[in-house]
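K.L.:
For reference, this is data18.pdb, and it has PDB, C-alpha atoms and all ligand atoms.
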```pdb
ATOM      1  CA  MET A   5      35.067  68.835  65.241
ATOM      2  CA  ALA A   6      34.171  65.857  63.145
ATOM      3  CA  LEU A   7      33.639  64.867  59.545
ATOM      4  CA  LEU A   8      30.021  63.949  58.849
ATOM      5  CA  THR A   9      28.772  61.363  56.353
ATOM      6  CA  ILE A  10      27.099  62.905  53.305
ATOM      7  CA  LEU A  11      23.957  61.083  52.149
ATOM      8  CA  ARG A  12      24.008  59.988  48.519
ATOM      9  CA  TYR A  13      21.123  60.254  46.083
ATOM     10  CA  PRO A  14      18.761  58.343  45.850
ATOM     11  CA  ASP A  15      18.731  58.050  49.653
ATOM     12  CA  PRO A  16      15.096  58.713  50.724
ATOM     13  CA  ARG A  17      16.316  60.757  53.715
ATOM     14  CA  LEU A  18      17.356  63.489  51.240
ATOM     15  CA  HIS A  19      13.646  64.158  50.735
ATOM     16  CA  THR A  20      12.977  65.051  54.383
ATOM     17  CA  VAL A  21      11.677  68.585  54.994
ATOM     18  CA  ALA A  22      13.854  70.333  57.612
ATOM     19  CA  LYS A  23      12.375  72.020  60.683
ATOM     20  CA  PRO A  24      13.320  75.530  61.825
ATOM     21  CA  VAL A  25      16.117  75.800  64.393
ATOM     22  CA  GLN A  26      14.622  76.796  67.739
ATOM     23  CA  ALA A  27      17.777  78.270  69.284
ATOM     24  CA  VAL A  28      21.322  78.823  68.018
ATOM     25  CA  ASP A  29      22.875  77.029  70.984
ATOM     26  CA  ALA A  30      26.017  74.953  71.541
ATOM     27  CA  ARG A  31      24.496  71.973  69.721
ATOM     28  CA  ILE A  32      23.790  74.050  66.596
ATOM     29  CA  ARG A  33      27.206  75.745  66.756
ATOM     30  CA  GLY A  34      28.782  72.286  66.929
ATOM     31  CA  LEU A  35      26.729  71.147  63.949
ATOM     32  CA  VAL A  36      27.811  74.245  61.983
ATOM     33  CA  ALA A  37      31.498  73.579  62.770
ATOM     34  CA  ASP A  38      31.180  69.948  61.669
ATOM     35  CA  MET A  39      29.301  70.928  58.507
ATOM     36  CA  LEU A  40      31.977  73.490  57.573
ATOM     37  CA  GLU A  41      34.712  70.908  58.126
ATOM     38  CA  THR A  42      32.766  68.375  56.032
ATOM     39  CA  MET A  43      32.117  70.893  53.224
ATOM     40  CA  TYR A  44      35.783  71.945  53.025
ATOM     41  CA  ASP A  45      36.959  68.328  53.172
ATOM     42  CA  ALA A  46      34.621  67.433  50.280
ATOM     43  CA  ASP A  47      35.647  70.542  48.238
ATOM     44  CA  GLY A  48      32.041  71.706  48.058
ATOM     45  CA  ILE A  49      30.857  75.320  47.925
ATOM     46  CA  GLY A  50      27.858  74.590  50.137
ATOM     47  CA  LEU A  51      26.272  71.997  52.389
ATOM     48  CA  ALA A  52      22.762  71.712  53.816
ATOM     49  CA  ALA A  53      22.085  69.886  57.103
ATOM     50  CA  THR A  54      19.702  67.581  55.207
ATOM     51  CA  GLN A  55      22.733  66.131  53.401
ATOM     52  CA  VAL A  56      24.253  65.002  56.705
ATOM     53  CA  ASP A  57      20.930  63.579  57.895
ATOM     54  CA  VAL A  58      20.117  66.432  60.280
ATOM     55  CA  HIS A  59      16.698  67.790  59.428
ATOM     56  CA  GLU A  60      16.956  71.343  60.715
ATOM     57  CA  ARG A  61      17.253  74.539  58.650
ATOM     58  CA  VAL A  62      21.035  74.982  58.673
ATOM     59  CA  VAL A  63      23.218  75.755  55.633
ATOM     60  CA  VAL A  64      26.927  76.477  55.275
ATOM     61  CA  ILE A  65      28.457  78.039  52.162
ATOM     62  CA  ASP A  66      31.851  79.254  50.988
ATOM     63  CA  VAL A  67      32.072  80.406  47.384
ATOM     64  CA  SER A  68      35.402  82.202  47.891
ATOM     65  CA  GLU A  69      38.435  81.238  45.823
ATOM     66  CA  GLN A  70      40.623  80.870  48.917
ATOM     67  CA  ARG A  71      38.013  78.915  50.903
ATOM     68  CA  ASN A  72      38.248  81.337  53.797
ATOM     69  CA  GLN A  73      34.866  83.085  53.773
ATOM     70  CA  PRO A  74      32.413  80.764  55.500
ATOM     71  CA  LEU A  75      28.783  81.834  55.433
ATOM     72  CA  VAL A  76      26.286  80.336  57.877
ATOM     73  CA  LEU A  77      22.550  80.575  57.168
ATOM     74  CA  ILE A  78      20.134  79.380  59.844
ATOM     75  CA  ASN A  79      16.389  79.399  59.128
ATOM     76  CA  PRO A  80      17.019  81.116  55.773
ATOM     77  CA  GLU A  81      14.074  82.669  53.940
ATOM     78  CA  ILE A  82      14.169  84.181  50.473
ATOM     79  CA  THR A  83      12.600  87.633  50.753
ATOM     80  CA  TRP A  84      12.967  88.486  47.073
ATOM     81  CA  ALA A  85      13.962  86.619  43.920
ATOM     82  CA  SER A  86      14.555  88.232  40.535
ATOM     83  CA  GLU A  87      12.194  87.358  37.723
ATOM     84  CA  GLU A  88      15.274  87.151  35.591
ATOM     85  CA  VAL A  89      16.526  83.579  35.502
ATOM     86  CA  GLN A  90      19.578  81.868  34.113
ATOM     87  CA  VAL A  91      20.446  78.236  33.428
ATOM     88  CA  GLY A  92      23.752  77.105  34.895
ATOM     89  CA  ASP A  93      25.401  73.740  35.394
ATOM     90  CA  GLU A  94      25.072  72.464  38.951
ATOM     91  CA  GLY A  95      26.646  69.634  40.849
ATOM     92  CA  CYS A  96      25.900  68.222  44.293
ATOM     93  CA  LEU A  97      27.963  66.435  46.926
ATOM     94  CA  SER A  98      25.017  64.038  47.266
ATOM     95  CA  VAL A  99      25.111  63.235  43.524
ATOM     96  CA  PRO A 100      28.857  62.998  42.852
ATOM     97  CA  GLY A 101      30.069  63.204  39.263
ATOM     98  CA  ILE A 102      26.799  64.553  37.833
ATOM     99  CA  TYR A 103      26.553  68.076  36.441
ATOM    100  CA  ASP A 104      23.569  69.481  34.582
ATOM    101  CA  GLY A 105      21.748  72.709  33.871
ATOM    102  CA  VAL A 106      19.227  74.161  36.318
ATOM    103  CA  GLU A 107      17.261  77.396  35.947
ATOM    104  CA  ARG A 108      17.600  79.779  38.905
ATOM    105  CA  SER A 109      16.858  83.409  39.694
ATOM    106  CA  THR A 110      19.949  85.443  38.883
ATOM    107  CA  ALA A 111      19.640  87.548  42.061
ATOM    108  CA  ILE A 112      17.984  87.035  45.442
ATOM    109  CA  ARG A 113      17.668  88.548  48.905
ATOM    110  CA  VAL A 114      17.789  86.210  51.892
ATOM    111  CA  ARG A 115      16.995  86.728  55.563
ATOM    112  CA  ALA A 116      18.634  84.299  57.994
ATOM    113  CA  LEU A 117      20.291  83.984  61.360
ATOM    114  CA  ASP A 118      24.092  83.855  61.261
ATOM    115  CA  GLY A 119      26.313  81.493  63.258
ATOM    116  CA  GLU A 120      25.814  83.623  66.355
ATOM    117  CA  GLY A 121      22.047  83.706  66.062
ATOM    118  CA  LYS A 122      21.941  87.300  64.827
ATOM    119  CA  GLU A 123      19.405  88.156  62.140
ATOM    120  CA  ARG A 124      20.892  89.265  58.846
ATOM    121  CA  GLU A 125      19.637  90.040  55.382
ATOM    122  CA  LEU A 126      21.914  89.626  52.424
ATOM    123  CA  ALA A 127      21.743  90.219  48.692
ATOM    124  CA  ALA A 128      23.299  87.622  46.431
ATOM    125  CA  GLU A 129      23.961  87.164  42.741
ATOM    126  CA  GLY A 130      26.124  84.924  40.615
ATOM    127  CA  THR A 131      27.449  81.695  42.117
ATOM    128  CA  LEU A 132      26.377  82.679  45.634
ATOM    129  CA  ALA A 133      22.757  83.175  44.533
ATOM    130  CA  VAL A 134      22.777  79.797  42.763
ATOM    131  CA  CYS A 135      24.328  78.060  45.766
ATOM    132  CA  ILE A 136      21.843  79.539  48.267
ATOM    133  CA  GLN A 137      18.900  78.418  46.100
ATOM    134  CA  HIS A 138      20.442  74.941  45.731
ATOM    135  CA  GLU A 139      20.957  74.621  49.517
ATOM    136  CA  MET A 140      17.491  75.919  50.349
ATOM    137  CA  ASP A 141      16.031  73.278  48.027
ATOM    138  CA  HIS A 142      17.862  70.618  50.091
ATOM    139  CA  LEU A 143      16.125  71.929  53.234
ATOM    140  CA  GLN A 144      12.801  71.343  51.431
ATOM    141  CA  GLY A 145      13.866  67.804  50.558
ATOM    142  CA  LYS A 146      14.649  68.659  46.949
ATOM    143  CA  VAL A 147      17.747  67.521  45.057
ATOM    144  CA  PHE A 148      18.716  69.352  41.834
ATOM    145  CA  VAL A 149      18.270  66.225  39.686
ATOM    146  CA  GLU A 150      14.527  66.569  40.324
ATOM    147  CA  TYR A 151      14.568  69.528  37.897
ATOM    148  CA  LEU A 152      15.898  67.275  35.134
ATOM    149  CA  SER A 153      13.771  65.128  32.826
ATOM    150  CA  PRO A 154      12.523  61.780  34.219
ATOM    151  CA  LEU A 155      14.753  60.039  31.677
ATOM    152  CA  LYS A 156      17.900  61.816  32.885
ATOM    153  CA  ARG A 157      16.905  61.390  36.525
ATOM    154  CA  ASN A 158      16.378  57.658  36.129
ATOM    155  CA  ARG A 159      19.729  57.273  34.380
ATOM    156  CA  ILE A 160      21.386  59.137  37.262
ATOM    157  CA  LYS A 161      19.550  57.005  39.825
ATOM    158  CA  THR A 162      20.701  53.782  38.136
ATOM    159  CA  LYS A 163      24.273  55.083  37.862
ATOM    160  CA  MET A 164      24.349  56.061  41.567
ATOM    161  CA  LEU A 165      22.943  52.697  42.687
ATOM    162  CA  LYS A 166      25.491  50.863  40.537
ATOM    163  CA  ALA A 167      28.339  53.004  41.912
ATOM    164  CA  ARG A 168      27.178  52.185  45.439
ATOM    165  CA  ARG A 169      27.114  48.454  44.631
ATOM    166  CA  ASP A 170      30.586  48.658  43.114
ATOM    167  CA  THR A 171      32.177  50.502  46.038
ATOM    168  CA  GLU A 172      30.341  49.597  49.231
ATOM    169  CA  ARG A 173      29.383  46.027  48.489
ATOM    170  CA  VAL A 174      32.577  44.609  46.994
TER     171      VAL A 174
HETATM  172  O1  LIG B 201      29.839  72.020  45.695
HETATM  173  C1  LIG B 201      28.812  72.320  45.094
HETATM  174  N1  LIG B 201      28.896  72.963  43.907
HETATM  175  C2  LIG B 201      27.820  73.505  43.252
HETATM  176  C3  LIG B 201      28.006  73.898  41.929
HETATM  177  C4  LIG B 201      26.973  74.472  41.221
HETATM  178  C5  LIG B 201      25.755  74.666  41.825
HETATM  179  C6  LIG B 201      25.545  74.261  43.132
HETATM  180  C7  LIG B 201      26.575  73.696  43.842
HETATM  181  S1  LIG B 201      26.325  73.222  45.481
HETATM  182  C8  LIG B 201      27.497  71.941  45.637
HETATM  183  C9  LIG B 201      27.584  71.454  47.081
HETATM  184  C10 LIG B 201      26.269  70.836  47.464
HETATM  185  O2  LIG B 201      25.883  69.765  47.084
HETATM  186  N2  LIG B 201      25.489  71.532  48.231
HETATM  187  O3  LIG B 201      24.285  71.061  48.575
HETATM  188 NI    NI B 202      23.688  69.743  46.982
END
```
Give the structure from the file, written as C-alpha cells.

P.N.:
Amino acid sequence: MALLTILRYPDPRLHTVAKPVQAVDARIRGLVADMLETMYDADGIGLAATQVDVHERVVVIDVSEQRNQPLVLINPEITWASEEVQVGDEGCLSVPGIYDGVERSTAIRVRALDGEGKERELAAEGTLAVCIQHEMDHLQGKVFVEYLSPLKRNRIKTKMLKARRDTERV
C-alpha cells in the first residue's frame, strides 16, 4: 500500500472527466487500497480517483464514526435523486480549509460495482448521500467551489495559490 498525493485546487487536472473502469482487476484493487489508505490518512470521509490524478471512475468513502466501514464505488451511476434538496456545508481534501454551503438531493439511489467487481445498488441519505454526490462530481471534473459565486471562487483560488507559494516555494 502507498499514500497518494492529493491534487490541490486550482490544479487543472481536477477538471478531467474520468473514464469507466473496464475490469476490476489487481491494478484497480491496488488503487482502491491506496485510495483508502490516503483517505484515512487525510481524515477525509471520501476520495475520488480524480483527486489522486487517476482518471477512472473509482470512489472510496467511509462516513462511519469509527472509520471502519469502507465503501468502494466503481463506475457509480445515480439511478434516482430526490427532488427534495438541502444546503449543507462541504469541505474537500483538494481545497483544504474551505467550507461552504452546497445544495444537494437529500436522498439518492446509486448503482456501482463494489471492490470485488460485483454490481450493487444502494440507497443513501444524510452525510452519505452528500458525500456520494460530492465524489461523483469529482469524477466529472467538478469541484464543489464551482457551485459558489465567482467572487467566492476567485477568493478561494487566490488563497490556495498563496498557500502553495508559502509552503512549497519557501
Ligand atoms: O472529507 C470530506 N468531507 C466532506 C464534508 C462535507 C461534504 C463532502 C465532504 S467530502 C470530503 C473529502 C473529499 O474531498 N472528497 O472528495
Ligand atoms: Ni472532494

K.L.:
Please evaluate the PyMOL selection byres (((chain A and resi 20) around 7) and not hetatm) against the displayed coordinates and give the resulting residues as a PyMOL selection string.

P.N.:
chain A and resi 17-19+21-22+59+144-145

K.L.:
Residues near segment 69-71 of chain A, anyone? I mean within 9 Å using only C-alpha atoms, not counting same-chain ones fewer than 3 positions away, as a list of chain:residue names.

P.N.:
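Contacts, with the query itself left out: A:Tyr44, A:Ile49, A:Asp66, A:Pro74.
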
K.L.:
With distances taken over only C-alpha atoms and all ligand atoms, which residue among A:Arg124, A:Arg12, A:Lys161, A:Lys166 lies nearest ligand LIG 201 (chain B)?

P.N.:
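Of A:Arg124, A:Arg12, A:Lys161, A:Lys166, the one nearest ligand LIG 201 (chain B) is A:Arg12, counting only C-alpha atoms and all ligand atoms.
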
K.L.:
With 6 Å of padding per side, what axis-aligned box (centre and edge lengths, Å, one decimal) covers all the listed atoms of ligand LIG 201 (chain B)? Give it as AutoDock Vina command-line options.

P.N.:
```
--center_x 27.1 --center_y 72.2 --center_z 44.9 --size_x 17.6 --size_y 16.9 --size_z 19.4
```

K.L.:
Enumerate, in order of chain and increasing residue number, the residues of chain A with an atom no farther than 12 Å from ligand NI 202 (chain B), each with its shortest atom pair and distance in Å to one decimal, counting only C-alpha atoms and all ligand atoms, as a tab-separated table.

P.N.:
```
residue	atom	partner	partner_atom	distance
A:Ile10	CA	B:NI202	NI	9.9
A:Leu11	CA	B:NI202	NI	10.1
A:Arg12	CA	B:NI202	NI	9.9
A:Tyr13	CA	B:NI202	NI	9.9
A:Leu18	CA	B:NI202	NI	9.9
A:Met43	CA	B:NI202	NI	10.6
A:Ala46	CA	B:NI202	NI	11.7
A:Gly48	CA	B:NI202	NI	8.6
A:Ile49	CA	B:NI202	NI	9.1
A:Gly50	CA	B:NI202	NI	7.1
A:Leu51	CA	B:NI202	NI	6.4
A:Ala52	CA	B:NI202	NI	7.2
A:Ala53	CA	B:NI202	NI	10.2
A:Thr54	CA	B:NI202	NI	9.4
A:Gln55	CA	B:NI202	NI	7.4
A:Val56	CA	B:NI202	NI	10.8
A:Val63	CA	B:NI202	NI	10.5
A:Val64	CA	B:NI202	NI	11.2
A:Ile65	CA	B:NI202	NI	10.9
A:Glu94	CA	B:NI202	NI	8.6
A:Gly95	CA	B:NI202	NI	6.8
A:Cys96	CA	B:NI202	NI	3.8
A:Leu97	CA	B:NI202	NI	5.4
A:Ser98	CA	B:NI202	NI	5.9
A:Val99	CA	B:NI202	NI	7.5
A:Pro100	CA	B:NI202	NI	9.4
A:Gly101	CA	B:NI202	NI	12.0
A:Ile102	CA	B:NI202	NI	11.0
A:Tyr103	CA	B:NI202	NI	11.0
A:Val134	CA	B:NI202	NI	10.9
A:Cys135	CA	B:NI202	NI	8.4
A:Ile136	CA	B:NI202	NI	10.1
A:Gln137	CA	B:NI202	NI	9.9
A:His138	CA	B:NI202	NI	6.3
A:Glu139	CA	B:NI202	NI	6.1
A:Met140	CA	B:NI202	NI	9.4
A:Asp141	CA	B:NI202	NI	8.5
A:His142	CA	B:NI202	NI	6.7
A:Leu143	CA	B:NI202	NI	10.1
A:Gln144	CA	B:NI202	NI	11.9
A:Gly145	CA	B:NI202	NI	10.6
A:Lys146	CA	B:NI202	NI	9.1
A:Val147	CA	B:NI202	NI	6.6
A:Phe148	CA	B:NI202	NI	7.2
A:Val149	CA	B:NI202	NI	9.7
A:Glu150	CA	B:NI202	NI	11.8
```

K.L.:
Need to verify the contact set: segment 104-108 of chain A, 6 Å, all atoms listed in the file, exclusion of same-chain residues closer than 6 positions in sequence. Can you return it as an NGL selection string?

P.N.:
:A and (89-94)

K.L.:
Which one is closest to ligand LIG 201 (chain B): A:Ser68, A:Asn79, A:Thr171, A:Ser153? Count all atoms listed in the file.

P.N.:
A:Ser68

K.L.:
For each of A:Ile78, A:Ala37, A:Val114, A:Leu132, take the minimum atom-to-atom distance to Arg61 of chain A, counting only C-alpha atoms, then give the residue where this is smallest.

P.N.:
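Using only C-alpha atoms, the shortest distance to Arg61 of chain A belongs to A:Ile78.
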
K.L.:
Could you check the closest approach to ligand LIG 201 (chain B) for each of A:Ala30, A:Ile112, A:Lys122, A:Thr42 and tell me which residue wins, using only C-alpha atoms and all ligand atoms?

P.N.:
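So, comparing all the options, the nearest one is A:Thr42.
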
K.L.:
From the set A:Leu75, A:Ala127, A:Ile160, A:Met5, which residue has the shortest atom-to-atom contact distance to Leu35 of chain A, counting all atoms listed in the file?

P.N.:
A:Met5

K.L.:
Using only C-alpha atoms, pick whichever of A:Glu172, A:Glu129, A:Asp45, A:Asp118 has the shortest atom-to-atom distance to Trp84 of chain A.

P.N.:
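Once distances to Trp84 of chain A are computed over only C-alpha atoms, the minimum belongs to A:Glu129.
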
K.L.:
Rounded to one decimal in Å, what is the spacing between atom CA of Asp29 of chain A and atom CA of Val62 of chain A?

P.N.:
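Atom-to-atom, atom CA of Asp29 of chain A and atom CA of Val62 of chain A are spaced 12.6 Å apart.
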